[in-house]
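A quick write-up on the structure given underneath.
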Amino acid sequence: MTGELGQLALCLALALSLVQAFSGFAGASRSSLKLMAMGRGAALGSFVFIALAFFTLMFAYVTSDFSVMAVAENSHTAKPLIYKITGVWGNHEGSMVLWLLILGIYSAAIAMTQPTDSRENEELGSRALGVQALIAIAFLVFVLLTSDPFERFYPPPFEGNGLNPLLQDPGLAFHPPLLYLGYVGLSAAFSFAAAALLDKRNDAAWVRLARPFALAAWTALTLGIAAGSWWAYYTLGWGGFWFWDPVENASLMPWLVATALIHSMMATERTGAFKSWTLLLAIAAFSFSLIGTFLVRSGVLNSVHAFANDPRRGLFILMILFVAIASPLTLFAWRAPKLSPGAPFDLVSRETGILVNNLLLTASAATILIGVLYPLVLDAVEGIKISVGPPYFTATVIPMLALLAVAMPFGPVFLWRRANFRAALYSLRFAFAAAVAALLALLAVVRPVSLLGFLAVCLGVWLIGGSVTDIARRAGTLRRVWLLPAGAWTSALAHAGLGVVAFGVVGASIWRSEAIQVLAPHQTMNVAGYTLRLDSTERVQGPNYFADRAAITVMANGRTITVVHPEKRSYPVEQTGTTQSAIRTTGISDLYVVLGDPREGGGWVVHAFVNPLAPFIWLGGVIMALAGFIALSARIAAKVRATRSAAGVVSEPVS
Amino acid sequence: MAFAITLLLAGGGAAALAVYALQDNVLFFYSPSDIAAHPEKVPEGRAFRIGGLVEQGSVKRDRGLEVHFVVTDGKNAVPVQYSGVLPDLFREGQGVVALGTRSNSGVFNASEVLAKHDERYMPPEVVDALKRSGHWQEGQTRPGSS
């Protein structure tokens with residue numbers, strides 16, 4: 001029964017989306033308040049039905065209803081409850097329902113925050129809801145036709161196939177939902193941009209409405225990528241944190257473009273610069289999300305993430321992709337000549353800083369796209385199978401991001417429209433001195449000399465120094481730092497966060513040590529100052545797996561520090577295994593121990609890494625996301641204050 | 001106008017960088033039959049990827065780190081040597097992709113071994129290699145379905 005209920009809910013959501021699309025567009029073009037209100041109502045209703053479908057599916061998983069095919073193929077009664085819940089989106093069908101749910105959340109948020117202060121803004125919001133509805137229709141039809149999550153299976157099996165053990169991890173609870181909140185959130189910026197192109201007015205009012213959604217999407221995407229990288233780090237047992245896997249790239253491209261977007265939106269909203277460019281970026285950011293969805297869901301890529309490749313699905317998403325990219329671009333080409341030109345600015349100004357940011361970020365995204373698509377094109381055209389490895393991406397993206405890091409501290413200290421370069425340089429003197437001091441210290445102390453690594457640390461110090469300068473400049477005196485409004489911290493935090501990430505990336509890639517050896521019990525091996533002794537291995541039983549678990553004593557300078565327990569798990573239902581690496585962190589450095597396969601004579605392969613500064617990668621990611629969160633909440637707080645004062649509500653004076 | 005020119009310059013620069021980097025960093029994929037048919041296409045010392053099935057009974061682990069196994073596409077086979085931790089899903093009779101170089105003795109020295117990611121998933125290159133050698137059985141293992 002539940003399956004049919006879910007399917008019915010999806011069909012009703014589709015019907016309401018059709019209503020939403022019609023009343024959104026028609027209401028705006030006829031300036032009909034009634035129709036526009038109907039569009040908002042339909043958006044909320046559509047969201048409710050998608051949520052109903054989502055929870056129906058979750059119910060089928062939790063109760064192990066194997067008459068539903070997706071549940072039979074991806075679940076098992078012996079699976080812990082948490083993985084029955086998160087397993088909902090651990091497969092193609094369910095993950096598309098999650099995609100729809102998040103799209104519904106954003107549409108509902110647009111509907112509920114739609115401004116009714118002016119007729120123009122209401123029409124803009126109404127058209128944006130219309131565009132959101134078109135996206136929802138495309139994906140609802142896609143789900144219903146090619147990836148029905150509620151498809152029945154007769155006769156139902158007694159037991160399900162189980163979930164891929166790699167996915168039986170708490171990471172599955174956070175990584176995909178956060179990533180989708182980011183991916184799909186960019187649809188809101190896209191919809192407002194498309195609405196603005198349909199609008200007769202040629203101003204940048206849409207940016208004010210779309211910016212909170214872009215910020216929310218960027219924040220979620222940042223956290224989602226950080227969570228994915230952390231998950232890959234501890235679960236794959238490869239000791240690395242980023243592999244330039246095609247699907248990782250598919251999430252990095254929208255992030256880069258979204259980062260460009262939130263910066264250029266800032267300029268457009270503040271001074272009116274980059275009007276058409278911001279429109280293009282909003283379209284591009286969501287297009288990259290869709291390209292990511294296509295690459296992941298079509299199975300054209302061989303990746304850790306590949307779980308579904310049905311060519312029909314790929315073709316369908318390719319069609320959505322084509323329409324979603326081509327139609328707003330056509331609209332843009334038609335409208336752009338009519339757009340009022342962007343506000344002028346001097347060569348030395350914050351706008352120029354943002355221009356540099358935008359060029360480098362979009363160029364990085366473009367080179368990644370080339371690296372991702374080149375193998376596909378070559379295979380399609382000449383039938384030659386190649387892959388583009390990590391060296392390509394590091395050779396192209398890292399120099400561009402390094403250049404960006406050099407420029408970043410200038411942005412916040414430049415004034416809008418016209419800045420004084422020498423004054424800016426002067427205000428950054430301490431940051432510059434700190435970077436040079438860091439370089440000298442490294443040259444004096446750290447061996448072996450790695451110019452690349454030293455420069456990267458320098459850039460990290462330069463970024464953090466730039467952020468300190470920014471805060472100091474805003475506050476004036478030290479005592480007033482704590483009185484700064486929350487919004488003043490955002491760029492400083494975000495830029496410093498990237499500096500912190502730079503430390504982590506350099507430490508865990510350039511200064512990483514590793515050792516691999518076969519150890520019989522009581523034998524030892526050395527890695528970067530640690531001595532590891534294999535004490536024993538034992539067979540242990542988990543809820544739905546058994547594992548070989550090693551006890552390895554970690555010693556340094558002759559003293560025992562700790563005992564770590566890396567595991568190698570086997571899942572009998574799924575007939576596969578996973579590696580549980582043991583990570584012991586000091587907060588600034590990770591010791592990472594992996595238990596490999598057994599060898600003749602009772603020995604085990606033990607692979608150990610020391611990743612200096614690795615925790616900074618995720619710390620930096622969290623700091624950047626925190627900056628996005630603060631920017632978003634400061635904006636919402638300001639809006640609430642504005643609505644209150646407009647409504648004549650005077651807050652109680654604080655004594 | 002200046003904006004458009006900067007944009008073009010940046011785009012051109014990025015494209016040039018991308019093309020330059022692509023030349024050095026492309027990894028070709030060859031099946032055992034490709035190597036048997038055109039050994040001259042597979043230069044010694046240059047890294048490439050190889051894929052197929054791990055031949056039944058071919059995996060030999062000794063006391064040390066070294067592992068030996070044979071990658072086959074049903075028609076031809078290539079001996080592979082690897083030292084390190086094999087992936088969790090590495091198993092005889094299952095699909096595998098290895099990255100490495102070929103020595104003059106014909107042994108493939110793998111620096112990286114990737115196995116399929118779950119029991120129902122097969123790397124697309126391997127599927128293609130098996131299809132070309134005529135050893136692909138439709139329906140037995142669906143490529144990448146789940």
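The way I read the labels, and the way they are meant: chains A, B, ... in the order of the structure tokens, residue 1 as the first residue of every chain, and ligand 1 as the first ligand shown, with later ones counted on from there.
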
Show me which bits of chain A are within 6 Å of chain B, counting only C-alpha atoms, as JSON, numbers by chain.
-> {"A": [308, 309, 363, 367, 385, 386, 387, 388, 392, 576, 577, 578, 596, 599, 600]}

Long-range neighbours of stretch 54-56 of chain B as an mmCIF file with C-alpha atoms, in the first residue's frame, 7 Å cut-off, only C-alpha atoms, 3 positions minimum in chain:
data_model
loop_
_atom_site.group_PDB
_atom_site.id
_atom_site.type_symbol
_atom_site.label_atom_id
_atom_site.label_comp_id
_atom_site.auth_asym_id
_atom_site.auth_seq_id
_atom_site.Cartn_x
_atom_site.Cartn_y
_atom_site.Cartn_z
ATOM 1 C CA PHE B 69 48.101 -12.159 -10.554
ATOM 2 C CA VAL B 70 47.008 -12.425 -14.153
ATOM 3 C CA VAL B 71 44.582 -10.082 -15.890
ATOM 4 C CA THR B 72 42.674 -11.719 -18.704
ATOM 5 C CA ARG B 91 38.826 -11.106 -6.074
ATOM 6 C CA GLU B 92 39.606 -13.865 -8.541
ATOM 7 C CA GLY B 93 37.225 -13.939 -11.466
ATOM 8 C CA GLN B 94 36.199 -10.316 -10.926
ATOM 9 C CA GLY B 95 36.863 -7.127 -12.862
ATOM 10 C CA VAL B 96 39.949 -5.099 -12.137
#

Atomic distance atom CA of B:Ser133 - atom CA of B:Pro32, expressed in Å with one decimal |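 According to the coordinates, atom CA of B:Ser133 and atom CA of B:Pro32 are separated by 9.4 Å.
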
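With distances restricted to only C-alpha atoms, A:Thr531 is the closest residue to A:Thr560 from A:Thr2, A:Ser633, A:Thr531, A:Thr469.
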
Would you pick out the contacts of A:Trp277 at 10 Å or less, using only C-alpha atoms, so that residues sharing its chain but fewer than 2 positions from it are not included, and give the list as a tab-separated table (two decimals) with C-alpha atoms, in the first residue's frame?
chain	number	residue	atom	x	y	z
A	261	LEU	CA	28.66	33.99	-8.11
A	264	SER	CA	29.89	39.05	-8.22
A	265	MET	CA	26.42	39.25	-6.65
A	268	THR	CA	26.09	43.88	-8.47
A	273	ALA	CA	28.67	46.41	-11.60
A	274	PHE	CA	28.76	43.12	-13.56
A	275	LYS	CA	25.01	43.10	-14.19
A	279	LEU	CA	23.19	36.70	-14.63
A	280	LEU	CA	25.46	34.42	-16.63
A	281	LEU	CA	27.17	33.10	-13.53
A	282	ALA	CA	23.85	32.25	-11.89
A	283	ILE	CA	22.89	30.29	-15.00
A	336	ALA	CA	21.56	41.20	-22.87
A	342	GLY	CA	27.04	47.70	-15.49
A	355	LEU	CA	36.73	40.43	-11.49
A	358	ASN	CA	35.62	35.53	-11.08
B	3	PHE	CA	35.72	43.15	-19.81

In Å, how far is it from atom CA of A:Ala250 to atom CA of A:Val622?
-> 20.4 Å

Can you pull out every residue from stretch 4-81 of chain B that DSSP, working from the backbone, puts in strand (DSSP E), and format the result as a short mmCIF file (atom, residue, chain, number, x, y, z; two decimals) with C-alpha atoms, in the first residue's frame?
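part16.cif written:
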data_model
loop_
_atom_site.label_atom_id
_atom_site.label_comp_id
_atom_site.auth_asym_id
_atom_site.auth_seq_id
_atom_site.Cartn_x
_atom_site.Cartn_y
_atom_site.Cartn_z
CA VAL B 26 46.63 11.39 -20.29
CA LEU B 27 46.53 7.72 -19.35
CA PHE B 28 45.60 5.28 -22.10
CA PHE B 29 43.64 2.13 -21.45
CA TYR B 30 44.59 -1.18 -23.09
CA PHE B 48 48.92 3.27 -18.83
CA ARG B 49 45.91 1.41 -17.51
CA ILE B 50 45.05 -2.20 -18.08
CA GLY B 51 41.81 -3.95 -17.32
CA GLY B 52 40.04 -7.27 -17.45
CA LEU B 53 39.20 -10.10 -15.10
CA VAL B 54 41.50 -11.49 -12.46
CA LYS B 60 49.90 -15.55 -5.60
CA ARG B 61 50.78 -13.89 -2.34
CA GLU B 66 54.52 -8.60 -3.57
CA VAL B 67 51.37 -9.95 -5.12
CA HIS B 68 51.23 -11.63 -8.52
CA PHE B 69 48.10 -12.16 -10.55
CA VAL B 70 47.01 -12.42 -14.15
CA VAL B 71 44.58 -10.08 -15.89
CA THR B 72 42.67 -11.72 -18.70
CA ALA B 77 46.35 -12.47 -20.53
CA VAL B 78 48.94 -10.24 -18.93
CA PRO B 79 50.86 -11.08 -15.75
CA VAL B 80 50.72 -8.30 -13.17
CA GLN B 81 52.98 -7.59 -10.27
#

So that I can see what lies close to B:Glu44, please list as a JSON list (two decimals) with N, CA and C atoms, in the first residue's frame the residues with an atom at most 8 Å from it, counting only C-alpha atoms and leaving out residues fewer than 2 positions away in the same chain.
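The resulting file, around.json, is reproduced below:
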[["chain", "number", "residue", "atom", "x", "y", "z"],
["B", 42, "VAL", "N", 52.19, 0.10, -27.05],
["B", 42, "VAL", "CA", 52.26, 0.19, -25.60],
["B", 42, "VAL", "C", 53.72, 0.38, -25.20],
["B", 46, "ARG", "N", 56.14, 4.13, -20.12],
["B", 46, "ARG", "CA", 55.06, 5.09, -20.02],
["B", 46, "ARG", "C", 53.86, 4.44, -19.32],
["B", 101, "THR", "N", 53.22, 0.40, -15.44],
["B", 101, "THR", "CA", 54.02, 0.36, -16.66],
["B", 101, "THR", "C", 54.36, -1.09, -17.00],
["B", 102, "ARG", "N", 54.73, -1.30, -18.27],
["B", 102, "ARG", "CA", 55.06, -2.64, -18.71],
["B", 102, "ARG", "C", 56.56, -2.79, -18.77],
["B", 103, "SER", "N", 57.06, -3.89, -18.22],
["B", 103, "SER", "CA", 58.50, -4.11, -18.28],
["B", 103, "SER", "C", 58.81, -4.88, -19.56],
["B", 104, "ASN", "N", 60.10, -4.96, -19.91],
["B", 104, "ASN", "CA", 60.44, -5.62, -21.17],
["B", 104, "ASN", "C", 60.17, -7.12, -21.14]]

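The residue set within 10 Å of A:Met525, counting only C-alpha atoms and dropping same-chain residues fewer than 6 places from it, reads A:Ala515, A:Ile516, A:Gln517, A:Val518, A:Leu519, A:Thr531, A:Leu532, A:Arg533, A:Leu534, A:Val554, A:Val606, A:His607, A:Ala608.
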
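Using only C-alpha atoms, the protein and nucleic acid residues lying no more than 12 Å from A:Tyr154, apart from those fewer than 3 places from it along its own chain, are Asp65, Phe66, Ser67, Val68, Met69, Ala72, Glu151, Pro157 and Phe158 of chain A.
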
Can you write out the residues you just picked, keeping N, CA and C atoms, as a short mmCIF file (atom, residue, chain, number, x, y, z; two decimals), in the first residue's frame?
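The resulting selection08.cif:
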data_model
loop_
_atom_site.label_atom_id
_atom_site.label_comp_id
_atom_site.auth_asym_id
_atom_site.auth_seq_id
_atom_site.Cartn_x
_atom_site.Cartn_y
_atom_site.Cartn_z
N ASP A 65 10.22 -3.31 3.59
CA ASP A 65 9.15 -3.73 2.69
C ASP A 65 9.77 -4.14 1.35
N PHE A 66 10.11 -5.45 1.23
CA PHE A 66 10.85 -5.90 0.05
C PHE A 66 9.97 -6.06 -1.19
N SER A 67 8.68 -5.73 -1.07
CA SER A 67 7.87 -5.74 -2.28
C SER A 67 8.17 -4.50 -3.11
N VAL A 68 8.87 -3.54 -2.50
CA VAL A 68 9.34 -2.37 -3.26
C VAL A 68 10.74 -2.71 -3.76
N MET A 69 10.91 -2.65 -5.08
CA MET A 69 12.13 -3.13 -5.69
C MET A 69 13.38 -2.43 -5.15
N ALA A 72 14.27 -3.85 -1.87
CA ALA A 72 14.80 -5.21 -1.97
C ALA A 72 16.23 -5.19 -2.49
N GLU A 151 8.68 1.18 -7.55
CA GLU A 151 8.35 0.05 -8.41
C GLU A 151 8.23 -1.22 -7.58
N PRO A 157 11.02 -10.86 -2.28
CA PRO A 157 11.98 -11.80 -1.68
C PRO A 157 11.88 -11.75 -0.16
N PHE A 158 12.35 -12.82 0.49
CA PHE A 158 12.33 -12.83 1.94
C PHE A 158 13.36 -11.89 2.52
#

A:Ser32: which residues within 12 Å, counting only C-alpha atoms, same-chain residues fewer than 3 positions away excluded, as number ranges by chain?
-> A: 23-29, 35-39, 119-120, 122-123, 126

Backbone-only DSSP, alpha helix (DSSP H) members of stretch 9-73 of chain B, as a PyMOL selection string | chain B and resi 9-25+32-37

Using only C-alpha atoms, the residue out of B:Ser58, B:Gly45, B:Asn76, B:Ala37 with shortest distance to B:Gly134 is B:Asn76
